[in-house]
Structures are given as structure tokens and as C-alpha cells.
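To be precise, the following lines are upload_29.txt, and they hold compact mmCIF, C-alpha atoms.
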```txt
# COMPACT_ATOMS: atom_id res chain seq x y z
CA MET A 1 0.00 0.00 0.00
CA ALA A 2 2.87 2.39 0.80
CA ASN A 3 4.42 1.75 -2.61
CA ASP A 4 1.06 2.38 -4.31
CA ILE A 5 0.84 5.78 -2.61
CA VAL A 6 4.31 6.69 -3.83
CA ASN A 7 3.51 5.55 -7.37
CA TYR A 8 0.30 7.56 -7.45
CA GLN A 9 1.60 10.63 -5.63
CA ASP A 10 1.32 12.92 -8.67
CA VAL A 11 -2.30 12.06 -9.38
CA ILE A 12 -3.15 12.24 -5.65
CA THR A 13 -1.67 15.74 -5.49
CA ASP A 14 -3.49 16.83 -8.64
CA ILE A 15 -6.86 15.52 -7.47
CA LYS A 16 -6.47 17.10 -4.05
CA GLY A 17 -5.92 20.39 -5.85
CA ILE A 18 -9.04 19.85 -7.95
CA ILE A 19 -11.12 19.06 -4.85
CA SER A 20 -9.78 22.07 -2.95
CA SER A 21 -10.47 24.38 -5.90
CA GLY A 22 -13.99 23.00 -6.26
CA ARG A 23 -14.71 23.50 -2.59
CA GLU A 24 -13.41 27.05 -2.73
CA VAL A 25 -15.60 27.81 -5.75
CA ALA A 26 -18.62 26.33 -3.97
CA TYR A 27 -17.87 28.28 -0.79
CA ASN A 28 -17.41 31.55 -2.67
CA ALA A 29 -20.60 31.09 -4.68
CA ALA A 30 -22.67 30.31 -1.57
CA ASN A 31 -21.02 33.12 0.36
CA LYS A 32 -21.66 35.76 -2.32
CA ALA A 33 -25.30 34.75 -2.63
CA MET A 34 -25.72 34.79 1.14
CA VAL A 35 -24.18 38.22 1.71
CA ARG A 36 -26.09 39.80 -1.16
CA THR A 37 -29.33 38.21 0.03
CA TYR A 38 -28.85 39.55 3.56
CA TRP A 39 -28.07 43.04 2.19
CA HIS A 40 -31.22 43.09 0.07
CA VAL A 41 -33.34 41.78 2.95
CA GLY A 42 -31.97 44.58 5.12
CA LYS A 43 -32.68 47.15 2.43
CA ARG A 44 -36.27 45.98 2.04
CA ILE A 45 -36.84 46.13 5.80
CA VAL A 46 -35.52 49.70 5.99
CA GLU A 47 -37.65 50.76 3.02
CA GLN A 48 -40.74 49.31 4.69
CA GLU A 49 -39.90 50.98 8.01
CA GLN A 50 -39.61 54.36 6.33
CA ALA A 51 -43.16 53.94 5.06
CA GLY A 52 -44.50 53.54 8.61
CA LYS A 53 -45.95 56.47 10.55
CA GLU A 54 -44.71 55.50 14.01
CA ARG A 55 -41.33 54.29 12.87
CA ALA A 56 -39.80 52.87 16.05
CA LYS A 57 -42.90 50.92 17.08
CA TYR A 58 -43.68 49.98 13.49
CA GLY A 59 -40.13 48.75 12.86
CA GLN A 60 -40.17 46.49 15.91
CA ALA A 61 -43.52 44.98 14.93
CA LEU A 62 -42.30 44.50 11.37
CA ILE A 63 -39.18 42.58 12.45
CA GLU A 64 -41.20 40.35 14.77
CA ALA A 65 -43.77 39.57 12.07
CA LEU A 66 -41.08 38.79 9.51
CA ALA A 67 -39.13 36.58 11.93
CA ASP A 68 -42.26 34.62 12.82
CA GLU A 69 -43.01 33.98 9.15
CA PHE A 70 -39.50 33.33 7.86
CA THR A 71 -38.24 31.03 10.60
CA LYS A 72 -41.10 28.66 9.86
CA GLU A 73 -40.05 28.36 6.22
CA TYR A 74 -36.32 29.16 6.15
CA GLY A 75 -35.10 28.29 9.64
CA LYS A 76 -33.12 30.16 12.28
CA SER A 77 -31.02 32.10 9.78
CA PHE A 78 -33.94 34.53 9.59
CA SER A 79 -34.64 34.91 13.29
CA LYS A 80 -35.54 38.26 14.82
CA ARG A 81 -31.95 38.80 15.92
CA ASN A 82 -30.54 38.02 12.47
CA LEU A 83 -33.09 40.22 10.72
CA GLN A 84 -31.92 43.05 12.94
CA TYR A 85 -28.37 42.30 11.79
CA PHE A 86 -29.47 42.46 8.13
CA ARG A 87 -31.13 45.81 8.72
CA LYS A 88 -28.01 47.11 10.43
CA PHE A 89 -25.90 45.69 7.59
CA TYR A 90 -27.75 47.75 4.99
CA LEU A 91 -27.62 50.92 7.11
CA ALA A 92 -23.86 50.51 7.64
CA PHE A 93 -23.17 49.75 3.96
CA PRO A 94 -25.94 51.42 1.91
CA ASN A 95 -23.80 51.43 -1.26
CA GLU A 96 -24.37 48.07 -2.94
CA GLN A 97 -21.37 48.52 -5.22
CA ILE A 98 -19.00 48.69 -2.24
CA VAL A 99 -20.44 45.47 -0.82
CA ASN A 100 -20.23 43.71 -4.20
CA ALA A 101 -16.62 44.81 -4.61
CA CYS A 102 -15.59 43.24 -1.30
CA VAL A 103 -17.86 40.20 -1.14
CA HIS A 104 -15.40 38.17 -3.24
CA ASN A 105 -13.01 38.08 -0.28
CA LEU A 106 -15.28 38.67 2.70
CA ASN A 107 -18.00 36.48 4.16
CA TRP A 108 -20.98 37.23 6.38
CA THR A 109 -18.93 36.72 9.54
CA HIS A 110 -16.57 39.46 8.33
CA PHE A 111 -19.43 41.88 7.75
CA ARG A 112 -21.05 41.07 11.08
CA ALA A 113 -17.77 41.90 12.83
CA LEU A 114 -17.60 45.18 10.91
CA LEU A 115 -21.02 46.15 12.25
CA ARG A 116 -19.40 46.53 15.68
CA VAL A 117 -17.32 49.49 14.43
CA PRO A 118 -19.30 52.74 14.96
CA ASP A 119 -16.69 54.95 13.27
CA GLU A 120 -17.50 54.93 9.55
CA ASN A 121 -13.93 55.73 8.51
CA ALA A 122 -12.54 52.93 10.63
CA ARG A 123 -15.24 50.53 9.44
CA MET A 124 -14.47 51.18 5.79
CA TRP A 125 -10.73 50.89 6.42
CA TYR A 126 -11.14 47.54 8.17
CA MET A 127 -13.35 46.29 5.34
CA ASN A 128 -10.89 47.31 2.62
CA GLU A 129 -7.88 45.92 4.47
CA ALA A 130 -9.65 42.62 5.20
CA ALA A 131 -10.64 42.28 1.54
CA GLN A 132 -7.26 43.27 0.08
CA GLU A 133 -5.06 41.40 2.56
CA GLY A 134 -7.24 38.28 2.77
CA TRP A 135 -7.84 38.49 6.51
CA SER A 136 -9.80 35.62 7.98
CA SER A 137 -12.86 36.59 10.02
CA ARG A 138 -10.92 35.77 13.21
CA THR A 139 -8.09 38.06 12.17
CA LEU A 140 -10.54 40.87 11.45
CA ASP A 141 -12.33 40.28 14.74
CA ARG A 142 -9.06 40.41 16.66
CA ASN A 143 -7.88 43.54 14.89
CA ILE A 144 -11.14 45.33 15.67
CA SER A 145 -11.02 44.23 19.30
CA THR A 146 -7.42 45.42 19.72
CA GLN A 147 -8.07 48.79 18.06
CA TYR A 148 -5.57 47.96 15.32
CA TYR A 149 -6.73 50.79 13.04
CA TYR A 150 -6.27 53.52 15.65
CA ARG A 151 -2.96 52.13 16.90
CA LEU A 152 -1.61 51.92 13.35
CA MET A 153 -2.74 55.42 12.42
CA GLN A 154 -1.21 56.95 15.54
CA SER A 155 2.05 54.99 15.61
CA PRO A 156 5.24 56.50 14.13
CA LYS A 157 6.54 52.92 13.70
CA LYS A 158 3.81 51.42 11.54
CA ASP A 159 5.94 48.47 10.41
CA ALA A 160 6.33 47.29 13.99
CA VAL A 161 2.58 47.43 14.58
CA MET A 162 1.87 45.60 11.31
CA ASN A 163 4.47 42.89 11.95
CA GLU A 164 3.11 42.28 15.45
CA MET A 165 -0.39 41.91 14.04
CA LEU A 166 0.76 39.46 11.36
CA GLN A 167 2.61 37.37 13.92
CA LYS A 168 -0.29 37.20 16.38
CA THR A 169 -2.91 36.40 13.73
CA ALA A 170 -0.91 33.87 11.69
CA GLU A 171 -2.79 30.93 13.20
CA ASN A 172 -6.14 32.55 12.38
CA GLN A 173 -5.36 32.55 8.67
CA ARG A 174 -5.60 28.77 8.30
CA ASN A 175 -8.61 26.81 7.07
CA LYS A 176 -10.53 29.77 5.65
CA PHE A 177 -12.70 27.64 3.35
CA GLU A 178 -14.29 25.03 5.58
CA LEU A 179 -17.62 24.96 3.72
CA LEU A 180 -19.05 21.82 5.29
CA LYS A 181 -18.10 22.98 8.79
CA SER A 182 -19.54 26.48 8.40
CA PRO A 183 -22.82 26.60 10.33
CA ILE A 184 -23.72 29.99 8.87
CA VAL A 185 -23.39 28.77 5.28
CA ALA A 186 -25.12 25.50 6.18
CA GLU A 187 -28.08 27.34 7.71
CA PHE A 188 -28.37 29.65 4.71
CA LEU A 189 -28.43 26.66 2.35
CA GLY A 190 -31.16 25.02 4.41
CA PHE A 191 -29.09 22.31 6.08
CA LYS A 192 -29.49 21.46 9.73
CA ASN A 193 -26.36 22.07 11.77
CA GLU A 194 -27.39 19.98 14.76
CA ASP A 195 -25.57 16.86 13.60
CA SER A 196 -21.83 16.48 13.84
CA TYR A 197 -19.85 16.81 10.65
CA ILE A 198 -17.04 14.53 11.87
CA GLU A 199 -18.64 11.34 13.12
CA SER A 200 -15.31 9.56 13.65
CA ASP A 201 -14.28 12.04 16.33
CA LEU A 202 -14.24 10.66 19.86
CA GLU A 203 -16.04 13.61 21.40
CA SER A 204 -18.68 13.50 18.68
CA ALA A 205 -19.24 9.78 19.21
CA ILE A 206 -19.68 10.27 22.94
CA LEU A 207 -22.12 13.13 22.46
CA THR A 208 -24.23 10.98 20.15
CA HIS A 209 -24.56 8.25 22.75
CA ILE A 210 -24.95 10.62 25.71
CA ARG A 211 -27.89 12.18 23.88
CA ASP A 212 -29.53 8.78 23.42
CA PHE A 213 -28.60 7.76 26.97
CA LEU A 214 -30.30 10.80 28.47
CA MET A 215 -33.39 10.26 26.36
CA GLU A 216 -33.65 6.74 27.78
CA MET A 217 -32.48 7.28 31.36
CA GLY A 218 -33.59 10.82 32.13
CA LYS A 219 -37.13 11.71 33.11
CA GLY A 220 -39.00 14.12 30.86
CA PHE A 221 -36.15 14.95 28.46
CA ALA A 222 -36.96 16.28 24.99
CA PHE A 223 -34.02 16.72 22.61
CA VAL A 224 -33.66 20.27 21.22
CA ALA A 225 -30.31 20.60 19.44
CA ARG A 226 -26.73 19.46 19.13
CA GLN A 227 -23.88 21.92 18.70
CA GLN A 228 -26.46 24.68 18.87
CA HIS A 229 -25.21 27.87 17.33
CA ILE A 230 -25.61 30.95 19.54
CA VAL A 231 -24.72 34.29 17.96
CA THR A 232 -23.86 37.48 19.85
CA GLU A 233 -22.55 40.79 18.58
CA THR A 234 -18.97 39.71 19.29
CA ASP A 235 -18.70 35.98 18.62
CA ASP A 236 -20.23 32.60 17.79
CA TYR A 237 -20.75 29.88 20.40
CA PHE A 238 -21.72 26.21 20.13
CA ILE A 239 -23.47 24.35 22.94
CA ASP A 240 -22.78 20.60 22.82
CA LEU A 241 -26.28 19.36 23.68
CA VAL A 242 -29.54 21.15 24.48
CA PHE A 243 -32.61 19.49 25.98
CA TYR A 244 -35.89 20.70 27.38
CA ASN A 245 -37.06 18.93 30.52
CA ILE A 246 -40.84 18.80 30.66
CA GLU A 247 -40.90 17.93 34.38
CA LEU A 248 -38.58 20.78 35.38
CA LYS A 249 -40.01 23.16 32.76
CA CYS A 250 -36.59 24.40 31.76
CA TYR A 251 -33.79 23.99 29.23
CA VAL A 252 -30.85 21.78 30.15
CA LEU A 253 -27.48 22.56 28.56
CA ILE A 254 -24.71 19.97 28.46
CA ASP A 255 -21.04 20.71 27.86
CA LEU A 256 -18.72 17.73 27.43
CA LYS A 257 -15.06 17.86 28.48
CA MET A 258 -12.83 14.93 27.64
CA GLY A 259 -10.51 15.40 30.59
CA LYS A 260 -10.41 17.10 33.96
CA ILE A 261 -12.43 20.30 34.09
CA THR A 262 -10.85 23.72 34.50
CA HIS A 263 -12.03 27.09 35.74
CA GLN A 264 -12.39 28.12 32.08
CA ASP A 265 -14.82 25.22 31.54
CA VAL A 266 -16.90 26.35 34.51
CA GLY A 267 -16.94 29.91 33.22
CA GLN A 268 -18.04 28.69 29.80
CA ILE A 269 -21.06 26.71 31.04
CA ASP A 270 -21.96 29.65 33.30
CA MET A 271 -21.90 31.94 30.24
CA TYR A 272 -23.98 29.48 28.18
CA VAL A 273 -26.67 29.33 30.87
CA ARG A 274 -26.88 33.11 31.16
CA MET A 275 -26.96 33.52 27.37
CA TYR A 276 -29.72 30.93 27.04
CA ASP A 277 -31.82 32.61 29.72
CA GLU A 278 -31.55 35.92 27.88
CA LEU A 279 -31.75 34.81 24.25
CA LYS A 280 -33.84 31.63 24.21
CA CYS A 281 -36.09 31.27 27.25
CA LYS A 282 -39.72 32.24 26.92
CA GLU A 283 -42.37 33.24 29.41
CA GLY A 284 -43.19 30.30 31.68
CA ASP A 285 -39.76 28.67 31.44
CA ASN A 286 -37.80 28.15 34.63
CA PRO A 287 -34.13 29.21 34.73
CA THR A 288 -31.81 27.15 32.52
CA LEU A 289 -29.72 24.36 34.03
CA GLY A 290 -26.13 23.63 33.02
CA ILE A 291 -24.34 20.28 33.25
CA LEU A 292 -20.61 19.75 32.84
CA LEU A 293 -19.94 16.19 31.72
CA CYS A 294 -16.42 14.99 32.32
CA ALA A 295 -14.64 11.73 33.01
CA GLU A 296 -12.76 13.25 35.93
CA THR A 297 -14.04 15.90 38.34
CA ASP A 298 -12.08 18.39 40.43
CA GLU A 299 -13.25 18.83 44.00
CA ASP A 300 -11.43 22.16 44.45
CA ILE A 301 -13.18 23.65 41.45
CA ALA A 302 -16.50 22.29 42.66
CA ARG A 303 -15.91 23.82 46.10
CA TYR A 304 -14.54 27.24 45.17
CA SER A 305 -16.17 28.11 41.85
CA VAL A 306 -19.70 29.13 40.84
CA LEU A 307 -20.56 25.42 40.96
CA HIS A 308 -20.59 25.58 44.76
CA ASP A 309 -24.05 26.00 46.30
CA ASN A 310 -25.55 26.80 42.90
CA ASP A 311 -28.61 24.77 42.01
CA ARG A 312 -28.33 25.72 38.34
CA PHE A 313 -24.97 24.01 37.75
CA PHE A 314 -24.33 20.33 38.14
CA MET A 315 -21.02 18.52 38.21
CA SER A 316 -21.36 16.30 41.25
CA LYS A 317 -24.98 17.02 42.22
CA TYR A 318 -27.93 15.76 40.17
CA LEU A 319 -31.68 16.06 40.51
CA THR A 320 -33.85 12.94 40.52
CA TYR A 321 -34.87 13.74 36.94
CA LEU A 322 -31.25 13.32 35.82
CA PRO A 323 -29.13 10.16 35.65
CA THR A 324 -26.62 10.06 38.48
CA LYS A 325 -23.07 11.34 38.14
CA GLU A 326 -21.80 7.76 38.34
CA GLN A 327 -24.12 6.62 35.55
CA LEU A 328 -23.03 9.43 33.25
CA LYS A 329 -19.35 8.88 34.00
CA ALA A 330 -19.71 5.16 33.34
CA GLU A 331 -21.43 5.89 30.03
CA ILE A 332 -18.60 8.21 28.96
CA GLU A 333 -16.00 5.55 29.78
CA ARG A 334 -18.03 2.86 28.02
CA GLN A 335 -18.27 4.94 24.85
CA LYS A 336 -14.52 5.61 24.96
CA GLU A 337 -13.82 1.91 25.00
CA ILE A 338 -16.23 1.28 22.12
CA PHE A 339 -14.58 4.05 20.13
CA TYR A 340 -11.09 2.63 20.62
CA MET A 341 -12.29 -0.86 19.72
CA GLN A 342 -13.64 0.58 16.46
CA HIS A 343 -10.37 2.46 15.85
CA PRO A 344 -7.64 -0.07 16.74
CA ALA A 345 -5.02 1.91 14.84
CA LEU A 346 -5.02 4.53 17.59
CA SER A 347 -2.00 4.17 19.85
CA GLU A 348 -1.98 4.58 23.60
CA ASN A 349 -0.38 7.98 23.06
CA ASP A 350 -3.30 8.98 20.87
CA LYS A 351 -5.70 7.96 23.60
CA GLU A 352 -3.87 9.99 26.24
CA GLY A 353 -3.77 13.03 23.99
CA MET A 354 -7.52 12.92 23.34
CA GLU A 355 -8.31 12.50 27.00
CA GLU A 356 -6.18 15.41 28.22
```

This entry written out as C-alpha cells:
Amino acid sequence: MANDIVNYQDVITDIKGIISSGREVAYNAANKAMVRTYWHVGKRIVEQEQAGKERAKYGQALIEALADEFTKEYGKSFSKRNLQYFRKFYLAFPNEQIVNACVHNLNWTHFRALLRVPDENARMWYMNEAAQEGWSSRTLDRNISTQYYYRLMQSPKKDAVMNEMLQKTAENQRNKFELLKSPIVAEFLGFKNEDSYIESDLESAILTHIRDFLMEMGKGFAFVARQQHIVTETDDYFIDLVFYNIELKCYVLIDLKMGKITHQDVGQIDMYVRMYDELKCKEGDNPTLGILLCAETDEDIARYSVLHDNDRFFMSKYLTYLPTKEQLKAEIERQKEIFYMQHPALSENDKEGMEE
């Protein structure tokens, strides 16, 4: 087999290039259509608002009516929050020619980051630089957050500022065309993003079985979403598993950690719970619960973090509606063993690395 790979190396290299080019073309085509669609939706909303007599009240009612209609047919990409983004997008970039000129190199995540810049001069500068220099959305986001434009304009040593930026954002420039892993593109195209895109991954395999395990063992669980995409003005977040518990009348969020939990993990589940309460919960829902699933707990973190004496977070304490901590831990370990049996090529070092 090794000799065959060597013999066919040229054709392998050529076909990889063909596949990569095809994926890039597909990504760019979908991205252009998506950005232009969002701009035109925003324009139409603004035009309709301007026709209303009581504009502020009328505009809010309009957005709510549109979101109610469009989410039924087109999904969460056209939620109330996203429609507000589209409206803001048009107001920030009312010249369609400017958008069209940059859309070849910028995606919706780029433009959404640009909406955070109130200074029009700075916003246009960031947009042009991102388009001309091929900044990834993460690079653009970081440069906006670190006031790169203002620091560069004010610095007498511009080369030093630019070189520092390039060095610190080098890692962000990789994997810019991950079409199948882009939840925003997937949602726009009408695909569900609740299922994992990499089923061979250990964490993904465990999440699949934990979901089924909770549906069987937990009382009153209804599955809502997997890797649920939560969008804020500053970033994108993905919650591993989301359920609604009919008995508790609340959402239950689950975050899986393959090794020992850290303070950062606790802070993350705390943030998810607060975000869900604000962005997702409706009237009549009880406060959201958060569960950290991990193979190994840390008593110090449980004692001295927000987990301590907090009924909304569960690492070592479970309600009667939930499987016990021991049951969940055993299920995680069982799924690990099944995974390694199905992937015998993995070495012990591989196992240790995935569990850390």
C-alpha cells in the first residue's frame, strides 16, 4: 500500500488540488449569494420601516412579524436577531457597489464583525484591508477588538505594529474555506447544523450516545439541538447538547469535556446558561440548568467556583430527573472503549492526547 501511494503521488496531489479548488468555488458562490441576500433583505426592511408612521414601534412589529413567518419556512437564519443584523448591515453599507466589490473576499462573519465598528472611517478601512489582505474573520475580529486601526494610524513605527499583528494572527489565517463545517453557510443553504460533521471524532461519538442515553435514562427529556449555534454581537458559540425537561419546565445545557475540568470550563457553562436565559427562554420557562460532563471531576473547582451551592450548575450534584453522576461517567467511559475498539489503529499515546 505504501508503494502504491508513492507511485500515485502525482495524481493524488493533482486531485487534491481539484477538490480544494472545487470546494473554494462552492464556498465563494454560496457566500456571495448569502451576503447579497442579507443586504437586500436589510434594504427591504428599511424601506418598509420608512413607510410607517410611528417608525420605532412599526419597525419592531415588522421585524417580529417577519421573523415569525420566515423562521417557519427558512429556519433560524432569519430569526428576529438576524433580521436586525441584516437591517443594520444595509444601514452601515448602503452602497451596494461597495459590498459587491468586497464580497469576493469577505463572508458574512466578516461583515457582522464590521457592524461593531461605529466609526464609519474605521469601518471602511477595516473592510478594505480585510478584503485586500485576505484576513480571515478571526483576524478581522481580533484587529477590531485590539483597536488595530487607531494604533496603526497613531504609531510612528507602523511596520512594527503591522508585523506584530501578522505574527499574532498567523494561526487565524488557516482553514478559511471550511464549507461543510460552516454553520452559517449550512443554515443559509437550508441544512441542519445539529448533527456532527465529523462522526469519527471521539467527542462526537460520545455526544451521540450521551444524547440517546439521556433520552432513555432521564425523566421528561426532549431533545432540542446538538452543537447549537448561539450568535452574539462579538462571537459565535456552540453548545454541545440542548434538551428541554418537561418535568422541570426548563432547558438543560450539556457541555462535554474529555478530561479534567478547568475554571475556564466552569466559566463557559456559566456563560452558556446566562446567554440561554436571555436569548432563548420564553415566558413560563424556569431558569436554565447547566451540566458539565467529564470523566474526571475536580473537588477544588466544585468547592470554590460558581458550581458551589448553585442549584443551576451540576457537576457532582444531580436532581432525581437526571441520571446520576456515576451513571453518566460510566457511560462516557463505556463509549470511549467502544470508540477505541472501532479504531484499533489509535495508539496509547493517541488515547492519552484525546483525554487530556

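Take the candidates A:Leu292, A:Leu166, A:Ala101, A:Leu114 and check each one against Ser145 of chain A using all atoms listed in the file; the shortest distance goes to A:Leu114.
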
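Taking atom CA of Glu64 of chain A as the reference point, atom CA of Ile45 of chain A is found at 11.5 Å.
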
query = How many Å lie between atom CA of Glu283 of chain A and atom CA of Lys80 of chain A, rounded to one decimal?
reply = 16.9 Å

query = How many Å lie between atom CA of Thr169 of chain A and atom CA of Asp236 of chain A, rounded to one decimal?
reply = 18.2 Å

task = For segment 153-156 of chain A, list every protein, DNA or RNA residue within 12 Å, evaluated using only C-alpha atoms, and leave out those in the same chain fewer than 5 positions away; present the list as a list in words.
result =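 Once the nearby chain positions are removed, what remains is Asn121, Ala122, Trp125, Gln147, Tyr148, Val161 and Met162 of chain A.
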
Which residues come within 12 Å of Pro118 of chain A, counting only C-alpha atoms, excluding same-chain residues fewer than 6 positions away, as a PDB file with C-alpha atoms, in the coordinates of the input?
```
ATOM      1  CA  LYS A  88     -28.010  47.110  10.430  1.00  0.00           C
ATOM      2  CA  LEU A  91     -27.620  50.920   7.110  1.00  0.00           C
ATOM      3  CA  ALA A  92     -23.860  50.510   7.640  1.00  0.00           C
ATOM      4  CA  MET A 124     -14.470  51.180   5.790  1.00  0.00           C
ATOM      5  CA  TYR A 126     -11.140  47.540   8.170  1.00  0.00           C
ATOM      6  CA  ILE A 144     -11.140  45.330  15.670  1.00  0.00           C
TER       7      ILE A 144
END
```

For a cutoff of 8 Å around the file-coordinate point (-21.2, 28.5, 19.0), which residues qualify once you count only C-alpha atoms? I'd like the result as an mmCIF file with C-alpha atoms, in the coordinates of the input.
```
data_model
loop_
_atom_site.group_PDB
_atom_site.id
_atom_site.type_symbol
_atom_site.label_atom_id
_atom_site.label_comp_id
_atom_site.auth_asym_id
_atom_site.auth_seq_id
_atom_site.Cartn_x
_atom_site.Cartn_y
_atom_site.Cartn_z
ATOM 1 C CA GLN A 227 -23.880 21.920 18.700
ATOM 2 C CA GLN A 228 -26.460 24.680 18.870
ATOM 3 C CA HIS A 229 -25.210 27.870 17.330
ATOM 4 C CA ILE A 230 -25.610 30.950 19.540
ATOM 5 C CA VAL A 231 -24.720 34.290 17.960
ATOM 6 C CA ASP A 235 -18.700 35.980 18.620
ATOM 7 C CA ASP A 236 -20.230 32.600 17.790
ATOM 8 C CA TYR A 237 -20.750 29.880 20.400
ATOM 9 C CA PHE A 238 -21.720 26.210 20.130
ATOM 10 C CA ILE A 239 -23.470 24.350 22.940
#
```

message = Quick one: residues within 12 Å of segment 138-140 of chain A, all atoms listed in the file, excluding same-chain residues fewer than 5 positions away - as JSON, numbers by chain?
response = {"A": [106, 107, 109, 110, 111, 112, 113, 114, 115, 116, 117, 123, 125, 126, 127, 128, 129, 130, 131, 133, 145, 146, 147, 148, 149, 165, 166, 167, 168, 169, 170, 171, 172, 173, 174, 175, 176, 234, 235, 236]}

ask   = Which residues come within 8 Å of segment 274-281 of chain A, counting all atoms listed in the file, excluding same-chain residues fewer than 6 positions away, as a ChimeraX atom specification?
value = /A:251,287-288

Using only C-alpha atoms, find each residue in segment 77-132 of chain A having at least one atom no more than 6 Å away from segment 19-38 of chain A; report its shortest atom-to-atom pair and that distance in Å (one decimal), rows by chain then rising number, as a tab-separated table.
```
residue	atom	partner	partner_atom	distance
A:Phe86	CA	A:Tyr38	CA	5.5
A:Val103	CA	A:Lys32	CA	6.0
A:Asn107	CA	A:Asn31	CA	5.9
A:Trp108	CA	A:Val35	CA	5.7
```

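Residue neighbourhood of Leu66 of chain A, excluding near-sequence residues (fewer than 3 positions): Val41, Gly42, Arg44, Ile45, Gln48, Gly59, Gln60, Ala61, Leu62, Ile63, Glu69, Phe70, Thr71, Lys72, Glu73, Tyr74, Phe78, Ser79, Lys80, Arg81, Asn82, Leu83 and Gln84 of chain A, at 12 Å, using only C-alpha atoms.
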